[in-house]
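Printed here is coords36.cif (mmCIF, C-alpha atoms and all ligand atoms):
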```cif
data_protein
#
loop_
_atom_site.label_atom_id
_atom_site.label_comp_id
_atom_site.auth_asym_id
_atom_site.auth_seq_id
_atom_site.Cartn_x
_atom_site.Cartn_y
_atom_site.Cartn_z
CA MET A 25 -8.28 -71.35 -79.79
CA PHE A 26 -7.53 -67.92 -78.35
CA SER A 27 -11.13 -67.03 -77.70
CA PHE A 28 -10.05 -64.97 -74.69
CA PHE A 29 -9.66 -61.98 -77.02
CA LYS A 30 -13.41 -61.70 -77.11
CA LYS A 31 -13.71 -61.70 -73.36
CA SER A 32 -14.00 -58.60 -71.31
CA SER A 33 -11.01 -57.75 -69.14
CA LYS A 34 -13.00 -58.64 -66.05
CA GLU A 35 -13.57 -62.25 -67.05
CA VAL A 36 -10.93 -64.76 -66.11
CA ASP A 37 -10.09 -67.65 -68.38
CA LEU A 38 -6.72 -69.35 -68.37
CA SER A 39 -8.06 -72.35 -70.28
CA PHE A 40 -5.76 -71.55 -73.20
CA ILE A 41 -2.85 -72.65 -70.98
CA GLY A 42 -4.50 -76.02 -70.40
CA THR A 43 -2.37 -77.82 -67.84
CA ASP A 44 -0.60 -76.37 -64.86
CA MET A 45 2.55 -78.44 -64.40
CA HIS A 46 4.18 -76.84 -61.37
CA SER A 47 2.53 -76.56 -57.97
CA HIS A 48 2.72 -77.67 -54.37
CA LEU A 49 -0.86 -78.75 -53.78
CA LEU A 50 -0.37 -82.17 -52.17
CA PRO A 51 -0.81 -81.54 -48.45
CA ALA A 52 1.96 -81.68 -45.85
CA LEU A 53 4.74 -82.86 -48.15
CA ASP A 54 6.71 -79.62 -48.45
CA ASP A 55 6.35 -75.86 -48.00
CA GLY A 56 3.15 -75.82 -50.04
CA LEU A 57 -0.37 -76.59 -48.83
CA GLN A 58 -0.61 -78.30 -45.46
CA ASN A 59 -4.05 -79.90 -45.27
CA MET A 60 -6.63 -81.66 -47.41
CA ALA A 61 -9.26 -78.93 -47.11
CA ASP A 62 -6.87 -76.42 -48.67
CA ALA A 63 -5.84 -78.88 -51.37
CA ILE A 64 -9.49 -79.29 -52.39
CA LEU A 65 -10.12 -75.55 -52.22
CA PHE A 66 -7.09 -74.74 -54.41
CA VAL A 67 -8.02 -77.38 -56.99
CA LYS A 68 -11.48 -75.81 -57.20
CA GLU A 69 -10.02 -72.32 -57.57
CA LEU A 70 -7.59 -73.41 -60.29
CA LYS A 71 -10.46 -75.11 -62.11
CA GLN A 72 -12.38 -71.87 -61.80
CA LEU A 73 -9.48 -70.02 -63.43
CA GLY A 74 -9.81 -72.32 -66.43
CA TYR A 75 -7.09 -74.93 -65.93
CA ASN A 76 -8.22 -78.33 -67.18
CA LYS A 77 -5.47 -80.50 -65.71
CA LEU A 78 -3.03 -80.26 -62.81
CA ILE A 79 0.37 -81.89 -62.51
CA THR A 80 1.58 -81.10 -59.04
CA THR A 81 5.27 -81.16 -58.12
CA PRO A 82 6.28 -81.55 -54.45
CA HIS A 83 9.85 -80.58 -53.64
CA ILE A 84 12.38 -83.37 -53.32
CA LEU A 85 15.24 -82.00 -51.26
CA PRO A 86 16.93 -84.55 -48.99
CA GLY A 87 17.19 -83.43 -45.37
CA ILE A 88 14.50 -80.78 -45.79
CA TYR A 89 11.75 -82.35 -47.90
CA ALA A 90 12.65 -86.02 -47.81
CA ASN A 91 10.15 -86.98 -50.47
CA SER A 92 10.17 -89.91 -52.85
CA PRO A 93 7.57 -91.75 -54.94
CA GLU A 94 6.75 -93.66 -51.71
CA THR A 95 5.79 -90.51 -49.79
CA ILE A 96 4.18 -88.65 -52.70
CA LEU A 97 2.00 -91.19 -54.51
CA PRO A 98 -0.20 -92.17 -51.51
CA VAL A 99 -0.97 -88.48 -50.90
CA LEU A 100 -1.93 -88.04 -54.54
CA ASN A 101 -4.33 -90.96 -54.19
CA ASN A 102 -5.86 -89.40 -51.06
CA VAL A 103 -6.45 -86.14 -52.91
CA LYS A 104 -7.95 -87.98 -55.87
CA ASP A 105 -10.30 -89.86 -53.53
CA ALA A 106 -11.37 -86.65 -51.84
CA LEU A 107 -12.03 -84.97 -55.20
CA ASN A 108 -14.05 -87.99 -56.33
CA ASN A 109 -16.09 -88.02 -53.15
CA LEU A 110 -16.92 -84.36 -53.65
CA GLU A 111 -17.61 -84.95 -57.37
CA ILE A 112 -15.04 -82.35 -58.37
CA GLU A 113 -13.86 -83.17 -61.86
CA MET A 114 -10.24 -82.24 -62.33
CA PRO A 115 -7.57 -84.61 -63.66
CA ILE A 116 -4.66 -84.43 -61.25
CA ASP A 117 -1.33 -86.18 -61.41
CA THR A 118 1.99 -85.79 -59.69
CA ALA A 119 5.62 -85.49 -60.61
CA ALA A 120 8.19 -83.70 -58.43
CA GLU A 121 10.50 -80.71 -58.35
CA TYR A 122 13.98 -82.11 -57.94
CA MET A 123 16.67 -79.95 -56.36
CA ILE A 124 19.87 -80.32 -58.35
CA ASP A 125 22.52 -81.31 -55.85
CA HIS A 126 25.03 -84.06 -55.19
CA GLU A 127 22.34 -86.32 -53.73
CA PHE A 128 20.16 -85.98 -56.85
CA GLU A 129 23.11 -86.71 -59.11
CA GLN A 130 23.84 -89.86 -57.06
CA SER A 131 20.17 -90.81 -57.15
CA ILE A 132 20.18 -90.67 -60.97
CA LYS A 133 23.36 -92.76 -61.08
CA ARG A 134 21.84 -95.37 -58.73
CA GLY A 135 18.88 -95.68 -61.06
CA ASP A 136 16.32 -94.63 -58.43
CA LYS A 137 12.75 -94.31 -59.66
CA LEU A 138 12.11 -90.73 -60.76
CA LEU A 139 8.75 -89.01 -61.00
CA THR A 140 8.23 -87.71 -64.52
CA PHE A 141 5.27 -86.41 -66.50
CA GLY A 142 4.11 -85.99 -70.07
CA ASP A 143 6.68 -86.94 -72.67
CA HIS A 144 9.39 -88.08 -70.20
CA TYR A 145 9.64 -84.61 -68.72
CA ILE A 146 11.33 -84.07 -65.36
CA LEU A 147 11.21 -80.80 -63.41
CA ILE A 148 14.49 -79.66 -61.84
CA GLU A 149 15.41 -76.59 -59.84
CA MET A 150 18.44 -74.88 -58.34
CA SER A 151 18.97 -73.01 -55.09
CA TYR A 152 18.22 -69.27 -55.23
CA VAL A 153 21.56 -68.59 -53.55
CA ALA A 154 24.04 -70.04 -56.03
CA ALA A 155 24.14 -72.06 -59.23
CA SER A 156 24.53 -75.78 -58.77
CA PRO A 157 27.87 -77.21 -59.87
CA TYR A 158 25.94 -80.35 -60.81
CA LEU A 159 23.59 -78.71 -63.31
CA GLN A 160 25.41 -79.65 -66.51
CA GLN A 161 26.10 -83.20 -65.32
CA VAL A 162 22.49 -83.71 -64.25
CA ILE A 163 21.14 -82.47 -67.59
CA PHE A 164 23.52 -84.83 -69.36
CA ASP A 165 22.67 -87.81 -67.14
CA LEU A 166 18.91 -87.27 -67.42
CA LYS A 167 19.08 -87.02 -71.19
CA LEU A 168 21.14 -90.20 -71.27
CA LEU A 169 18.22 -91.90 -69.50
CA GLY A 170 15.86 -90.63 -72.19
CA LEU A 171 14.37 -87.98 -69.91
CA GLN A 172 13.79 -84.37 -70.87
CA PRO A 173 14.83 -81.91 -68.12
CA ILE A 174 12.81 -78.75 -67.57
CA LEU A 175 14.46 -76.08 -65.43
CA ALA A 176 11.90 -74.53 -63.08
CA HIS A 177 11.66 -70.73 -62.90
CA PRO A 178 15.00 -69.82 -64.58
CA GLU A 179 14.05 -66.15 -64.19
CA ARG A 180 14.33 -66.45 -60.41
CA TYR A 181 18.04 -67.33 -60.35
CA SER A 182 19.43 -63.85 -59.79
CA TYR A 183 23.02 -65.06 -60.23
CA TYR A 184 22.14 -65.63 -63.91
CA HIS A 185 20.71 -62.16 -64.45
CA SER A 186 23.99 -60.46 -65.29
CA ASN A 187 24.94 -63.03 -67.91
CA PHE A 188 22.07 -63.90 -70.23
CA ASN A 189 24.37 -66.24 -72.17
CA LEU A 190 24.00 -68.72 -69.32
CA TYR A 191 20.36 -69.15 -70.33
CA THR A 192 21.33 -69.57 -73.97
CA GLU A 193 23.90 -72.22 -73.02
CA LEU A 194 21.28 -74.16 -71.09
CA LYS A 195 19.00 -74.16 -74.11
CA GLU A 196 21.90 -75.37 -76.26
CA ARG A 197 22.41 -78.26 -73.86
CA GLY A 198 18.83 -79.27 -74.53
CA CYS A 199 17.26 -78.10 -71.29
CA LEU A 200 13.68 -76.82 -71.53
CA MET A 201 12.48 -74.00 -69.29
CA GLN A 202 9.39 -73.29 -67.20
CA LEU A 203 8.46 -69.74 -66.27
CA ASN A 204 6.45 -68.84 -63.18
CA ILE A 205 3.39 -66.88 -64.27
CA LEU A 206 3.68 -64.76 -61.14
CA SER A 207 7.15 -63.60 -62.27
CA LEU A 208 5.44 -61.77 -65.13
CA ALA A 209 3.25 -60.02 -62.58
CA GLY A 210 6.29 -58.75 -60.68
CA TYR A 211 5.54 -60.95 -57.66
CA TYR A 212 9.25 -61.80 -57.13
CA GLY A 213 10.56 -58.30 -57.88
CA VAL A 214 11.44 -56.06 -60.78
CA ASP A 215 14.61 -57.84 -61.89
CA VAL A 216 12.91 -61.24 -62.03
CA LYS A 217 10.06 -59.67 -63.97
CA LYS A 218 12.46 -58.17 -66.52
CA VAL A 219 14.25 -61.48 -67.14
CA ALA A 220 10.91 -63.31 -67.32
CA HIS A 221 9.73 -60.96 -70.06
CA LYS A 222 13.01 -61.29 -71.93
CA LEU A 223 12.99 -65.10 -71.83
CA LEU A 224 9.43 -65.12 -73.05
CA LYS A 225 10.09 -62.62 -75.83
CA LYS A 226 13.06 -64.65 -77.04
CA GLU A 227 10.83 -67.77 -77.14
CA MET A 228 13.07 -69.61 -74.67
CA ILE A 229 10.15 -70.78 -72.52
CA GLU A 230 8.27 -74.02 -73.22
CA PHE A 231 6.08 -74.17 -70.11
CA VAL A 232 4.43 -71.79 -67.68
CA GLY A 233 3.49 -72.82 -64.15
CA THR A 234 1.76 -71.36 -61.13
CA ASP A 235 4.32 -72.72 -58.63
CA MET A 236 1.33 -72.46 -56.28
CA HIS A 237 2.28 -72.76 -52.59
CA HIS A 238 -0.23 -70.71 -50.61
CA GLN A 239 -3.08 -68.24 -50.49
CA HIS A 240 -0.99 -65.23 -51.46
CA HIS A 241 0.10 -66.94 -54.67
CA LEU A 242 -3.50 -67.82 -55.48
CA HIS A 243 -4.78 -64.34 -54.78
CA THR A 244 -2.04 -62.72 -56.90
CA LEU A 245 -2.72 -65.12 -59.77
CA GLN A 246 -6.44 -64.40 -59.61
CA LEU A 247 -5.79 -60.66 -59.82
CA PHE A 248 -3.22 -61.03 -62.62
CA ALA A 249 -5.50 -63.31 -64.63
CA LYS A 250 -8.03 -60.51 -64.81
CA LYS A 251 -5.57 -58.36 -66.74
CA ASN A 252 -5.26 -58.51 -70.48
CA ASP A 253 -1.46 -58.15 -70.07
CA LEU A 254 -1.17 -61.82 -69.24
CA TYR A 255 -3.00 -62.91 -72.38
CA LYS A 256 -1.02 -60.54 -74.55
CA LEU A 257 2.24 -61.84 -73.11
CA LEU A 258 1.43 -65.51 -73.54
CA LYS A 259 -0.65 -65.55 -76.70
CA ASP A 260 2.27 -66.01 -79.11
CA ALA A 261 4.52 -68.02 -76.81
CA PRO A 262 5.22 -71.53 -78.14
CA LEU A 263 4.00 -73.17 -74.94
CA LEU A 264 3.64 -76.93 -74.54
CA ASN A 265 1.35 -76.93 -71.48
CA SER A 266 -1.68 -77.85 -73.54
CA THR A 267 0.08 -80.98 -74.85
CA LEU A 268 0.26 -82.50 -71.37
FE FE A 301 8.06 -75.06 -57.02
#
```
As C-alpha cells, what does this structure read like?
Amino acid sequence: MFSFFKKSSKEVDLSFIGTDMHSHLLPALDDGLQNMADAILFVKELKQLGYNKLITTPHILPGIYANSPETILPVLNNVKDALNNLEIEMPIDTAAEYMIDHEFEQSIKRGDKLLTFGDHYILIEMSYVAASPYLQQVIFDLKLLGLQPILAHPERYSYYHSNFNLYTELKERGCLMQLNILSLAGYYGVDVKKVAHKLLKKEMIEFVGTDMHHQHHLHTLQLFAKKNDLYKLLKDAPLLNSTL
C-alpha cells in the first residue's frame, strides 16, 4: 500500500491518502474558487497529486455564505458536467463545512436537510476567534440524529492551544477530527504546526484535508508533497480518508 517509500523525493504521489474530504472548489459559493475554469484546473492538479476522489465542502455560514443544499448541489452538477465534457475522470461529490453557531443549532433542531458524506459524516468548524458555546450541544444533537461530526482543523483554534485537554474531551464526546495537511507544513504558523504534529502523534486525527481555497494553498501543497516529511508523518496515522 505504501509504495511511496520506493519513490524518489522528487516524485509526488498522495494516492495513499485516497480521498480529499475538505476543500472549497465549487465556484463562487464562498471564499474558495470563484470560477469554473479554476475549478477544473484545481481538480486536474489534485488528480495529478494522486488524489482519487474529491469531496468538496463549501462553507455554510448564514449572513456571510448563505449556502444550503439548494445553492450547492446545482453547482456540483455544473462542475461534474464540465469535467465530463473535458473527459477528466475524477469522482467528485459535495458536503459542506458547517459553522457551529446558534443558527446551525436551530437548523439541526428544525430537521433541515444536512449535507453529509461517507458513513454519515458531517464536517463542522468553529470561528478562529473564540470557541463556540454551542459545540457540545451540536455534537450531541448530531449524534442523536445518527450523524458523526468531524471537527475541521482543530489545530487552527489557537484558544485551544494552551489546554490540550480540550482536544481530549472532544474525542471523549465522540467527535472525530480532520487535520489540514498545510498545518503540518507550517503554513498557518509555528504554533499551529506544533499542535498539528502533536494531534497526529497521539493518533487523535481520523482525516486529513487540503482545505483548498486558492492558488497559494495549491502551490504550498505541491511543494510540501515533494518532501518525504509528509509521507513519514502520515504513514502510520490511522486515517480514514481511503474509506470514503
Ligand atoms: Fe474549509
- prompt: Which of these residues is nearest to ligand FE 301 (chain A), using only C-alpha atoms and all ligand atoms: A:Ile96, A:Leu254, A:Ile84, A:Leu194?
  reply: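 Counting only C-alpha atoms and all ligand atoms, the residue closest to ligand FE 301 (chain A) is A:Ile84.
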For ligand FE 301 (chain A), return the neighbouring residues as a JSON list (two decimals) with C-alpha atoms, keeping the file's coordinate frame (distance at most 7 Å; only C-alpha atoms and all ligand atoms).
```json
[["chain", "number", "residue", "atom", "x", "y", "z"],
["A", 46, "HIS", "CA", 4.18, -76.84, -61.37],
["A", 47, "SER", "CA", 2.53, -76.56, -57.97],
["A", 48, "HIS", "CA", 2.72, -77.67, -54.37],
["A", 81, "THR", "CA", 5.27, -81.16, -58.12],
["A", 83, "HIS", "CA", 9.85, -80.58, -53.64],
["A", 121, "GLU", "CA", 10.50, -80.71, -58.35],
["A", 235, "ASP", "CA", 4.32, -72.72, -58.63]]
```
message: What does the structure give for the distance between CA of Arg180 in chain A and CA of Thr140 in chain A, in Å to one decimal?
response: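 CA of Thr140 in chain A lies 22.5 Å from CA of Arg180 in chain A.
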message: Just want the 12 Å neighbourhood of Ser186 in chain A, counted on all atoms listed in the file, with same-chain residues fewer than 5 positions away dropped. Output as a count of residues only.
response: 7
statement: Using all atoms listed in the file, the best pick from A:Ala209, A:Leu190, A:Leu200, A:Leu171 as closest to Glu149 in chain A would be A:Leu200
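Closest approach to Pro262 in chain A among A:Ser151, A:Asn189, A:Gln202, A:Gln161 is made by A:Gln202 (distances from only C-alpha atoms).
A straight line drawn from CA of Leu57 in chain A to CA of Phe40 in chain A is 25.5 Å long.
The interatomic distance for the pair CA of His221 in chain A and CA of Leu208 in chain A works out to 6.6 Å.
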message: Counting all atoms listed in the file, which residue out of A:Leu169, A:Glu111, A:Tyr211, A:Val232 sits closest to Phe248 in chain A?
response: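 Result for the nearest residue to Phe248 in chain A: A:Tyr211.
If you count all atoms listed in the file and draw a sphere of 8 Å around (8.0, -61.8, -79.9), the protein and nucleic acid residues inside it come out as Leu224, Lys225, Lys226, Glu227, Asp260 and Ala261 of chain A.
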I need the residues from that last selection saved to file as a PDB file, in the frame of the given file (with C-alpha atoms), if you can.
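again_10.pdb written:
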```
ATOM      1  CA  LEU A 224       9.430 -65.120 -73.050  1.00  0.00           C
ATOM      2  CA  LYS A 225      10.090 -62.620 -75.830  1.00  0.00           C
ATOM      3  CA  LYS A 226      13.060 -64.650 -77.040  1.00  0.00           C
ATOM      4  CA  GLU A 227      10.830 -67.770 -77.140  1.00  0.00           C
ATOM      5  CA  ASP A 260       2.270 -66.010 -79.110  1.00  0.00           C
ATOM      6  CA  ALA A 261       4.520 -68.020 -76.810  1.00  0.00           C
TER       7      ALA A 261
END
```
For range 242-245 of chain A, what centre and edge lengths in Å (one decimal) does the axis-aligned box get once 4 Å is added on each side of all its listed atoms, as lines of an AutoDock Vina configuration file?
```
center_x = -3.4
center_y = -65.3
center_z = -57.3
size_x = 10.7
size_y = 13.1
size_z = 13.0
```
message: Give me the residues near Gln172 in chain A as an MDAnalysis selection string, where near means some atom within 6 Å (using all atoms listed in the file) and where sequence neighbours in that chain fewer than 2 positions away do not count.
response: chainID A and resid 144:145 167
message: If we count all atoms listed in the file and set the cut-off at 12 Å, which residues sit around Thr43 in chain A, ignoring sequence neighbours fewer than 5 positions away in its own chain? Please answer as a PyMOL selection string.
response: chain A and resi 38+70-71+73-80+114-117+141-142+231-234+263-268
field: Counting all atoms listed in the file, the residue of A:Pro173, A:Leu50, A:Lys195, A:Ile146 that sits nearest Pro98 in chain A
entry: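 Nearest to Pro98 in chain A: A:Leu50.
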statement: One residue among A:Asp55, A:Asp136, A:Asp62, A:Asp125 is nearest to Gln160 in chain A when using only C-alpha atoms, and that residue is A:Asp125
- request: Tell me which protein, DNA and RNA residues are within 12 Å of Leu159 in chain A, counting all atoms listed in the file, leaving out same-chain ones fewer than 4 positions away, and put them as a ChimeraX atom specification.
  value: /A:122-126,128-129,148-151,154-155,163-166,173-175,190,193-194,197,199
